[in-house]
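Taking it in order: structure first as C-alpha cells, then the write-up.
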Amino acid sequence: MDNSPGGLQQADLSQADFREICENLYDGIHITDGEGRILFVNEAYTRTTGIKPEEILGRTVSDIEQEGRLYKGSVTGMVLEQRKRVNSVATIYSLNKEVLVTGTPVFAPNGSIKMVVTNTRDFPELKQLEHQLLTVTEESRKDNEELAYLRQQQAGGKRLYYRSDAMRQVVELIHTVAPTDVTVLITGESGTGKELIANEIYQNSNRKGRPFIKVNCAAIPGELLESELFGYEEGAFTGARRSGKTGMFELANNGVLLLDEIGDMPLPLQAKLLRVLQQREIMRIGGSKTIKLDLRVIASTNLDLQEEARQGRFREDLYYRLNVVPIELKPLRERKEDIPYLVDRFCEDFSKKYGKDTHISAAGMDLLQSYRWPGNIRELENLLERIVVTNSGGIITRDVVYAALNPDGGYSHLSSSTTSGTLREQVAEFEREIILRAIEREGSLRKAAKALGVDHSTLVKKYQRLHPEPGPPSER
C-alpha cells in the first residue's frame, strides 16, 4: 500500500471517488488517453462549453476538430506532440465564444504519455475576475492617496514664521534631532506653537510619510485614555466593541506618536506609558499577547513637569524618560521681534483666504507690539483673522487694533506706560503716540512732519528710533 505525503492511501481512491472529485471542481475537466481519445468530461465542462458528454466521449479530438462542428483550438494534440503543458484559446462554435484551455500531460512509468488532462475556463469569468482585480487595485490606489492626504493634513500645512534668535535656535535644534528617533519634550505656554514644532520634527524626520498620530491627553477623560492609547480586545469590558479596538500606539506603529498635554495624564497610566517607552511593546486591554512597537514618541506640555514631579503629580522617572531632548518655546512677549513678521504673514494669508487686500499701519503694529499676548501666537492669529474679515478698509489702523484688543474696555494686557514711570518715560511715550497717529492719519512721514510743524529729517530720525526695522513708510 502506497502512502502519500498527505496521508491519503492511493489504493483507497476508487473510481467513484475520482468522479465525485472531478464533478466538484470549478474548472471544466476534459481527459483523453495517450492517443487523444476522450475518456471523461465533468459537469463544469458542459456548463462552460455547452457540449454534452454523449457528443464527444469515445471520439478522438482530431476527428472532432476535422468535423468542424463543436470546437477548434484543442491543446490535446499540441501536448501529445510537445510533451509539456500548453496554454491556448479554443473556440466553441455553438456558443460563439472563446475559452481558455490548459493541457497537461500525465506520463506512464515508461515515459509515454498515458493521459492528457485539459482545464477549461470561461473568458467572461476571467474578465470578471480581471475587472474585480482592477477595481480593487484602483480602490487601493485611491485609499493610499486619501491616506497620504490625511497624513499631510494631520502633519499640518502651517509654516514656522520667526525672526528672533530664540526661535532660530529652536529651529536649528529641530534640524539636528529630527533625523534621529530620540524622544523630544516640547514645553511652552498655551498657544506658543508646540504642535507646530512637533509637525516640523515629523516633516524633517526619516519617518515622514508614515503614520503621525496626535493624542491630546487633556481632552480625553482619564478612564477612557488608556483604551484610546492601548486599544482593547473583544469583551474586555462592558460596552466594548465586538471586534475590539486598535489603540493609538498601534496606529502610530512605524511612525510618530505625539502625546500632547502629557502633564494631564493620570498617574496610573503614566506607569504604563513608562513601560511602553522602556520595552517598546504594548498589550491591549483584555489581551494576552504583546505587540512590538517601532515608533518615535514626541511629548508636549504647558506645565513645568519638573515641578509637577516634585509635587507628586507626575512620575519623576517618566519625566527623565521623556526629557531626552527638551525644546522650550519662549512666550511671544519675550520675543517681540517675531510679532511684525508674524503679523505680515497672517495678514497676507488671511487676505488671500478672504479675498481682501489688507495691511497694518505703523501705529497699529506698534499697539500689537505693546500687548502682552497671554494667548501667544494662537491669540495673535485669531485676532488678525477677525480683523481682516471685519475690516472694510485696506489699512488696519491703530483704532481698529485697539477696538479688537479691548472690546469691552477691560483689557489689562495693553501697555500702561503712559500712566506710570518717570516723567521722561511718560513724555517719550506721549510723543511716540502723537508721531504714530500723525503718520497713520497723514499717510506719509513728509505729510506728518508738515502737520506736526517739524522738519522732515527730524521726524525721520524719531521714527527710526521707534521702528529701526523694517524702515519708515512713504517719504512723500
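Simple scheme: letters A, B, ... for chains in C-alpha cells order, numbers from 1 for residues in each chain, numbers from 1 for ligands in the order shown.
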Write out as a VMD selection string the residues lying within 12 Å of A:Arg168, counting only C-alpha atoms and excluding same-chain residues fewer than 6 positions away.
chain A and resid 160 to 162 174 to 175 329 to 330 335 337 to 338
Would you mind exporting the chosen residues as an mmCIF file, in the first residue's frame, restricted to N, CA and C atoms?
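The resulting file, selection22.cif, is shown below:
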data_model
loop_
_atom_site.group_PDB
_atom_site.id
_atom_site.type_symbol
_atom_site.label_atom_id
_atom_site.label_comp_id
_atom_site.auth_asym_id
_atom_site.auth_seq_id
_atom_site.Cartn_x
_atom_site.Cartn_y
_atom_site.Cartn_z
ATOM 1 N N LEU A 160 6.547 77.674 10.019
ATOM 2 C CA LEU A 160 7.104 78.453 11.118
ATOM 3 C C LEU A 160 7.520 79.830 10.603
ATOM 4 N N TYR A 161 7.013 80.880 11.233
ATOM 5 C CA TYR A 161 7.407 82.242 10.909
ATOM 6 C C TYR A 161 8.131 82.816 12.126
ATOM 7 N N TYR A 162 9.341 83.296 11.919
ATOM 8 C CA TYR A 162 10.098 83.814 13.060
ATOM 9 C C TYR A 162 11.209 84.735 12.567
ATOM 10 N N ILE A 174 15.832 71.581 16.037
ATOM 11 C CA ILE A 174 14.905 70.674 15.334
ATOM 12 C C ILE A 174 15.613 69.946 14.202
ATOM 13 N N HIS A 175 16.339 70.678 13.373
ATOM 14 C CA HIS A 175 17.012 70.075 12.230
ATOM 15 C C HIS A 175 18.131 69.135 12.664
ATOM 16 N N LEU A 329 9.798 76.637 24.268
ATOM 17 C CA LEU A 329 9.335 77.739 23.431
ATOM 18 C C LEU A 329 9.046 78.949 24.306
ATOM 19 N N LYS A 330 9.708 80.063 24.004
ATOM 20 C CA LYS A 330 9.502 81.296 24.756
ATOM 21 C C LYS A 330 8.128 81.880 24.422
ATOM 22 N N ARG A 335 9.712 87.485 22.839
ATOM 23 C CA ARG A 335 10.341 87.507 21.514
ATOM 24 C C ARG A 335 9.508 88.396 20.579
ATOM 25 N N GLU A 337 10.319 90.619 18.591
ATOM 26 C CA GLU A 337 10.806 90.859 17.236
ATOM 27 C C GLU A 337 10.139 89.937 16.220
ATOM 28 N N ASP A 338 9.484 88.868 16.706
ATOM 29 C CA ASP A 338 8.742 87.986 15.802
ATOM 30 C C ASP A 338 7.383 88.563 15.421
#
Give me, as a PyMOL selection string, all polymer residues having an atom no more than 9 Å from stretch 290-304 of chain A, counting only C-alpha atoms and skipping those fewer than 2 positions away in the same chain.
chain A and resi 181-190+194-195+198+207+249-250+252-264+276-277+279-284+287-288+306-309+322-323
Among the residues of stretch 171-346 of chain A, find those DSSP assigns to strand (DSSP E or B) from the backbone and print them as a ChimeraX atom specification.
/A:184-187,212-216,231-232,245-246,256-260,281-282,285,291-292,296-301,325-328
Grab the residues selected above and save them as a PDB file, in the first residue's frame with C-alpha atoms.
ATOM      1  CA  VAL A 184      11.621  65.044  22.423  1.00  0.00           C
ATOM      2  CA  LEU A 185       9.773  67.003  25.117  1.00  0.00           C
ATOM      3  CA  ILE A 186       8.329  70.331  23.904  1.00  0.00           C
ATOM      4  CA  THR A 187       7.380  72.827  26.610  1.00  0.00           C
ATOM      5  CA  PHE A 212       1.649  60.635  12.517  1.00  0.00           C
ATOM      6  CA  ILE A 213      -0.884  60.247  15.318  1.00  0.00           C
ATOM      7  CA  LYS A 214      -1.703  63.026  17.785  1.00  0.00           C
ATOM      8  CA  VAL A 215      -3.344  62.391  21.144  1.00  0.00           C
ATOM      9  CA  ASN A 216      -4.481  65.249  23.387  1.00  0.00           C
ATOM     10  CA  GLY A 231      -6.776  49.529  22.430  1.00  0.00           C
ATOM     11  CA  TYR A 232      -8.748  46.554  23.714  1.00  0.00           C
ATOM     12  CA  LYS A 245     -10.344  48.392  19.012  1.00  0.00           C
ATOM     13  CA  THR A 246      -6.902  49.322  17.737  1.00  0.00           C
ATOM     14  CA  VAL A 256       5.395  59.074  15.147  1.00  0.00           C
ATOM     15  CA  LEU A 257       3.093  59.498  18.153  1.00  0.00           C
ATOM     16  CA  LEU A 258       2.576  62.967  19.665  1.00  0.00           C
ATOM     17  CA  LEU A 259       1.360  62.921  23.268  1.00  0.00           C
ATOM     18  CA  ASP A 260       0.066  66.465  23.645  1.00  0.00           C
ATOM     19  CA  GLU A 281       5.780  46.895  23.344  1.00  0.00           C
ATOM     20  CA  ILE A 282       2.140  47.079  24.448  1.00  0.00           C
ATOM     21  CA  ILE A 285      -6.732  45.762  27.429  1.00  0.00           C
ATOM     22  CA  ILE A 291       2.579  43.840  20.304  1.00  0.00           C
ATOM     23  CA  LYS A 292       6.046  45.051  19.347  1.00  0.00           C
ATOM     24  CA  ARG A 296       9.016  57.675  17.805  1.00  0.00           C
ATOM     25  CA  VAL A 297       7.404  59.488  20.717  1.00  0.00           C
ATOM     26  CA  ILE A 298       7.148  63.271  20.996  1.00  0.00           C
ATOM     27  CA  ALA A 299       5.557  64.796  24.102  1.00  0.00           C
ATOM     28  CA  SER A 300       4.398  68.358  24.770  1.00  0.00           C
ATOM     29  CA  THR A 301       3.025  70.247  27.746  1.00  0.00           C
ATOM     30  CA  VAL A 325      15.902  66.393  24.213  1.00  0.00           C
ATOM     31  CA  PRO A 326      13.987  69.357  25.696  1.00  0.00           C
ATOM     32  CA  ILE A 327      12.704  72.120  23.423  1.00  0.00           C
ATOM     33  CA  GLU A 328      11.423  75.175  25.295  1.00  0.00           C
TER      34      GLU A 328
END
Would you pick out the contacts of stretch 80-93 of chain A at 9 Å or less, using only C-alpha atoms, so that residues sharing its chain but fewer than 6 positions from it are not included, and give the list as a PyMOL selection string?
chain A and resi 34-36+49-51+68-74+99-105+113+116
Those same residues, written as a compact mmCIF listing (two decimals), in the first residue's frame with N, CA and C atoms?
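Contents of the output file part_28.txt:
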# COMPACT_ATOMS: atom_id res chain seq x y z
N GLY A 34 -3.63 8.46 -24.25
CA GLY A 34 -2.42 8.83 -24.96
C GLY A 34 -2.59 8.93 -26.46
N GLU A 35 -3.72 8.53 -26.99
CA GLU A 35 -4.00 8.64 -28.41
C GLU A 35 -4.92 9.80 -28.73
N GLY A 36 -5.34 10.55 -27.70
CA GLY A 36 -6.23 11.68 -27.92
C GLY A 36 -7.69 11.33 -27.89
N THR A 49 -18.91 24.96 -21.97
CA THR A 49 -18.85 24.84 -23.43
C THR A 49 -20.21 24.57 -24.08
N GLY A 50 -21.17 24.08 -23.30
CA GLY A 50 -22.45 23.69 -23.88
C GLY A 50 -22.38 22.34 -24.59
N ILE A 51 -21.24 21.65 -24.54
CA ILE A 51 -21.06 20.36 -25.23
C ILE A 51 -21.40 19.23 -24.25
N GLY A 68 -15.40 19.95 -37.53
CA GLY A 68 -15.65 21.39 -37.56
C GLY A 68 -17.02 21.81 -37.10
N ARG A 69 -17.61 21.06 -36.16
CA ARG A 69 -18.97 21.40 -35.71
C ARG A 69 -19.02 21.86 -34.25
N LEU A 70 -18.15 21.29 -33.40
CA LEU A 70 -18.23 21.58 -31.97
C LEU A 70 -17.21 22.64 -31.52
N TYR A 71 -15.95 22.44 -31.82
CA TYR A 71 -14.93 23.40 -31.38
C TYR A 71 -13.70 23.30 -32.24
N LYS A 72 -12.82 24.29 -32.10
CA LYS A 72 -11.50 24.25 -32.69
C LYS A 72 -10.50 24.87 -31.70
N GLY A 73 -9.25 24.50 -31.82
CA GLY A 73 -8.22 25.06 -30.95
C GLY A 73 -7.89 24.19 -29.76
N SER A 74 -8.18 22.90 -29.83
CA SER A 74 -7.86 22.00 -28.73
C SER A 74 -6.35 21.93 -28.53
N VAL A 99 -12.75 30.19 -25.01
CA VAL A 99 -12.44 29.74 -23.64
C VAL A 99 -10.95 29.53 -23.52
N LEU A 100 -10.44 29.65 -22.30
CA LEU A 100 -9.02 29.41 -22.04
C LEU A 100 -8.84 27.94 -21.70
N VAL A 101 -7.92 27.27 -22.40
CA VAL A 101 -7.68 25.84 -22.16
C VAL A 101 -6.21 25.62 -21.81
N THR A 102 -5.98 24.76 -20.83
CA THR A 102 -4.63 24.40 -20.41
C THR A 102 -4.53 22.87 -20.39
N GLY A 103 -3.67 22.33 -21.25
CA GLY A 103 -3.50 20.89 -21.33
C GLY A 103 -2.24 20.44 -20.62
N THR A 104 -2.32 19.37 -19.82
CA THR A 104 -1.19 18.87 -19.04
C THR A 104 -1.00 17.38 -19.29
N PRO A 105 0.20 16.94 -19.66
CA PRO A 105 0.43 15.51 -19.89
C PRO A 105 0.60 14.75 -18.58
N ILE A 113 3.12 9.09 -22.81
CA ILE A 113 2.01 9.89 -22.26
C ILE A 113 0.80 8.98 -22.10
N VAL A 116 -3.97 13.00 -21.19
CA VAL A 116 -3.86 14.46 -21.27
C VAL A 116 -5.07 15.03 -20.54
Pick out the residues sitting within 10 Å of A:Ile56, and hand them over as a list of chain:residue names; count only C-alpha atoms, and ignore anything fewer than 6 positions along from it in its own chain.
A:Arg37, A:Ile38, A:Leu39, A:Phe40, A:Val41, A:Asp63, A:Ile64, A:Leu70
Take the residues from that selection and put them in a file with C-alpha atoms, as an mmCIF file, in the first residue's frame.
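What follows is the written file again-v2.cif:
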data_model
loop_
_atom_site.group_PDB
_atom_site.id
_atom_site.type_symbol
_atom_site.label_atom_id
_atom_site.label_comp_id
_atom_site.auth_asym_id
_atom_site.auth_seq_id
_atom_site.Cartn_x
_atom_site.Cartn_y
_atom_site.Cartn_z
ATOM 1 C CA ARG A 37 -9.433 9.665 -27.349
ATOM 2 C CA ILE A 38 -11.808 11.396 -24.922
ATOM 3 C CA LEU A 39 -12.341 9.396 -21.728
ATOM 4 C CA PHE A 40 -14.093 11.835 -19.399
ATOM 5 C CA VAL A 41 -15.617 15.332 -19.119
ATOM 6 C CA ASP A 63 -11.822 13.741 -35.508
ATOM 7 C CA ILE A 64 -13.933 16.327 -33.705
ATOM 8 C CA LEU A 70 -18.228 21.581 -31.974
#
A:Met365, A:Leu405, A:Ala44, A:Val388: which is nearest A:Lys353, counting only C-alpha atoms?
A:Val388
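Distance-wise, atom CA of A:Tyr319 and atom CA of A:Glu334 end up 25.9 Å apart.
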Among stretch 12-106 of chain A, which ones does DSSP assign to helix (DSSP H, G or I) (computed from the backbone)? Answer as JSON, numbers by chain.
{"A": [12, 15, 16, 17, 18, 19, 20, 21, 22, 23, 43, 44, 45, 46, 47, 48, 49, 53, 54, 55, 56, 61, 62, 63, 64, 65, 66, 67, 76, 77, 78, 79, 80, 81, 82]}
Write out, as a compact mmCIF listing (two decimals), in the first residue's frame, the residues just selected, with N, CA and C atoms.
# COMPACT_ATOMS: atom_id res chain seq x y z
N ASP A 12 -7.07 3.47 -1.80
CA ASP A 12 -8.42 3.69 -1.29
C ASP A 12 -9.22 4.65 -2.15
N GLN A 15 -12.86 4.70 -8.28
CA GLN A 15 -13.30 5.42 -9.46
C GLN A 15 -14.45 6.37 -9.11
N ALA A 16 -15.31 5.94 -8.18
CA ALA A 16 -16.42 6.80 -7.75
C ALA A 16 -15.89 8.04 -7.05
N ASP A 17 -14.85 7.83 -6.21
CA ASP A 17 -14.26 8.99 -5.54
C ASP A 17 -13.67 9.97 -6.55
N PHE A 18 -12.98 9.41 -7.55
CA PHE A 18 -12.36 10.23 -8.58
C PHE A 18 -13.41 11.05 -9.32
N ARG A 19 -14.52 10.39 -9.68
CA ARG A 19 -15.58 11.08 -10.41
C ARG A 19 -16.20 12.18 -9.55
N GLU A 20 -16.41 11.90 -8.26
CA GLU A 20 -17.02 12.89 -7.36
C GLU A 20 -16.12 14.12 -7.21
N ILE A 21 -14.81 13.87 -7.12
CA ILE A 21 -13.87 14.98 -7.02
C ILE A 21 -13.93 15.85 -8.26
N CYS A 22 -13.89 15.22 -9.42
CA CYS A 22 -13.91 15.97 -10.69
C CYS A 22 -15.20 16.76 -10.86
N GLU A 23 -16.33 16.17 -10.43
CA GLU A 23 -17.60 16.85 -10.60
C GLU A 23 -17.73 18.07 -9.68
N GLU A 43 -19.14 18.04 -15.27
CA GLU A 43 -20.30 18.92 -15.47
C GLU A 43 -19.87 20.36 -15.75
N ALA A 44 -18.79 20.77 -15.15
CA ALA A 44 -18.32 22.13 -15.38
C ALA A 44 -17.91 22.33 -16.83
N TYR A 45 -17.37 21.30 -17.46
CA TYR A 45 -17.00 21.39 -18.87
C TYR A 45 -18.25 21.63 -19.73
N THR A 46 -19.33 20.86 -19.44
CA THR A 46 -20.58 21.03 -20.19
C THR A 46 -21.16 22.42 -19.94
N ARG A 47 -21.08 22.89 -18.69
CA ARG A 47 -21.62 24.22 -18.36
C ARG A 47 -20.87 25.32 -19.11
N THR A 48 -19.57 25.17 -19.24
CA THR A 48 -18.75 26.20 -19.86
C THR A 48 -18.85 26.17 -21.38
N THR A 49 -18.91 24.96 -21.97
CA THR A 49 -18.85 24.84 -23.43
C THR A 49 -20.21 24.57 -24.08
N PRO A 53 -21.64 15.29 -22.81
CA PRO A 53 -20.70 14.16 -22.81
C PRO A 53 -20.93 13.18 -23.96
N GLU A 54 -22.22 12.89 -24.26
CA GLU A 54 -22.52 11.92 -25.30
C GLU A 54 -22.09 12.38 -26.70
N GLU A 55 -21.83 13.66 -26.87
CA GLU A 55 -21.40 14.17 -28.17
C GLU A 55 -19.92 13.91 -28.44
N ILE A 56 -19.13 13.67 -27.39
CA ILE A 56 -17.68 13.59 -27.61
C ILE A 56 -17.00 12.38 -26.98
N VAL A 61 -9.99 13.70 -30.40
CA VAL A 61 -10.03 15.16 -30.53
C VAL A 61 -9.80 15.57 -31.99
N SER A 62 -8.90 14.87 -32.66
CA SER A 62 -8.59 15.22 -34.05
C SER A 62 -9.82 15.04 -34.95
N ASP A 63 -10.61 13.96 -34.72
CA ASP A 63 -11.82 13.74 -35.51
C ASP A 63 -12.83 14.86 -35.29
N ILE A 64 -12.96 15.27 -34.03
CA ILE A 64 -13.93 16.33 -33.70
C ILE A 64 -13.54 17.64 -34.38
N GLU A 65 -12.23 17.94 -34.36
CA GLU A 65 -11.79 19.21 -34.96
C GLU A 65 -11.94 19.15 -36.49
N GLN A 66 -11.67 17.98 -37.09
CA GLN A 66 -11.83 17.86 -38.54
C GLN A 66 -13.29 18.00 -38.94
N GLU A 67 -14.16 17.53 -38.06
CA GLU A 67 -15.59 17.63 -38.35
C GLU A 67 -16.01 19.11 -38.39
N THR A 76 -4.91 19.30 -26.93
CA THR A 76 -4.52 17.91 -26.72
C THR A 76 -3.45 17.46 -27.71
N GLY A 77 -3.65 17.78 -28.98
CA GLY A 77 -2.68 17.39 -30.00
C GLY A 77 -1.31 18.03 -29.74
N MET A 78 -1.31 19.32 -29.32
CA MET A 78 -0.04 20.01 -29.05
C MET A 78 0.68 19.40 -27.84
N VAL A 79 -0.09 18.99 -26.82
CA VAL A 79 0.52 18.37 -25.64
C VAL A 79 1.15 17.03 -26.02
N LEU A 80 0.44 16.24 -26.83
CA LEU A 80 0.99 14.96 -27.26
C LEU A 80 2.25 15.13 -28.10
N GLU A 81 2.27 16.21 -28.87
CA GLU A 81 3.43 16.44 -29.74
C GLU A 81 4.60 17.04 -28.96
N GLN A 82 4.32 18.03 -28.11
CA GLN A 82 5.40 18.75 -27.41
C GLN A 82 5.77 18.11 -26.07
I'd like a table as a Markdown table: residues in stretch 268-365 of chain A with an atom no more than 10 Å from stretch 429-438 of chain A, each row giving the shortest atom pair and its distance in Å to one decimal, only C-alpha atoms counted, sorted by chain and rising residue number.
| residue | atom | partner | partner_atom | distance |
| --- | --- | --- | --- | --- |
| A:Ser361 | CA | A:Leu436 | CA | 9.0 |
| A:Ala362 | CA | A:Leu436 | CA | 6.7 |
| A:Ala363 | CA | A:Leu436 | CA | 5.0 |
| A:Gly364 | CA | A:Leu436 | CA | 8.7 |
| A:Met365 | CA | A:Leu436 | CA | 9.9 |
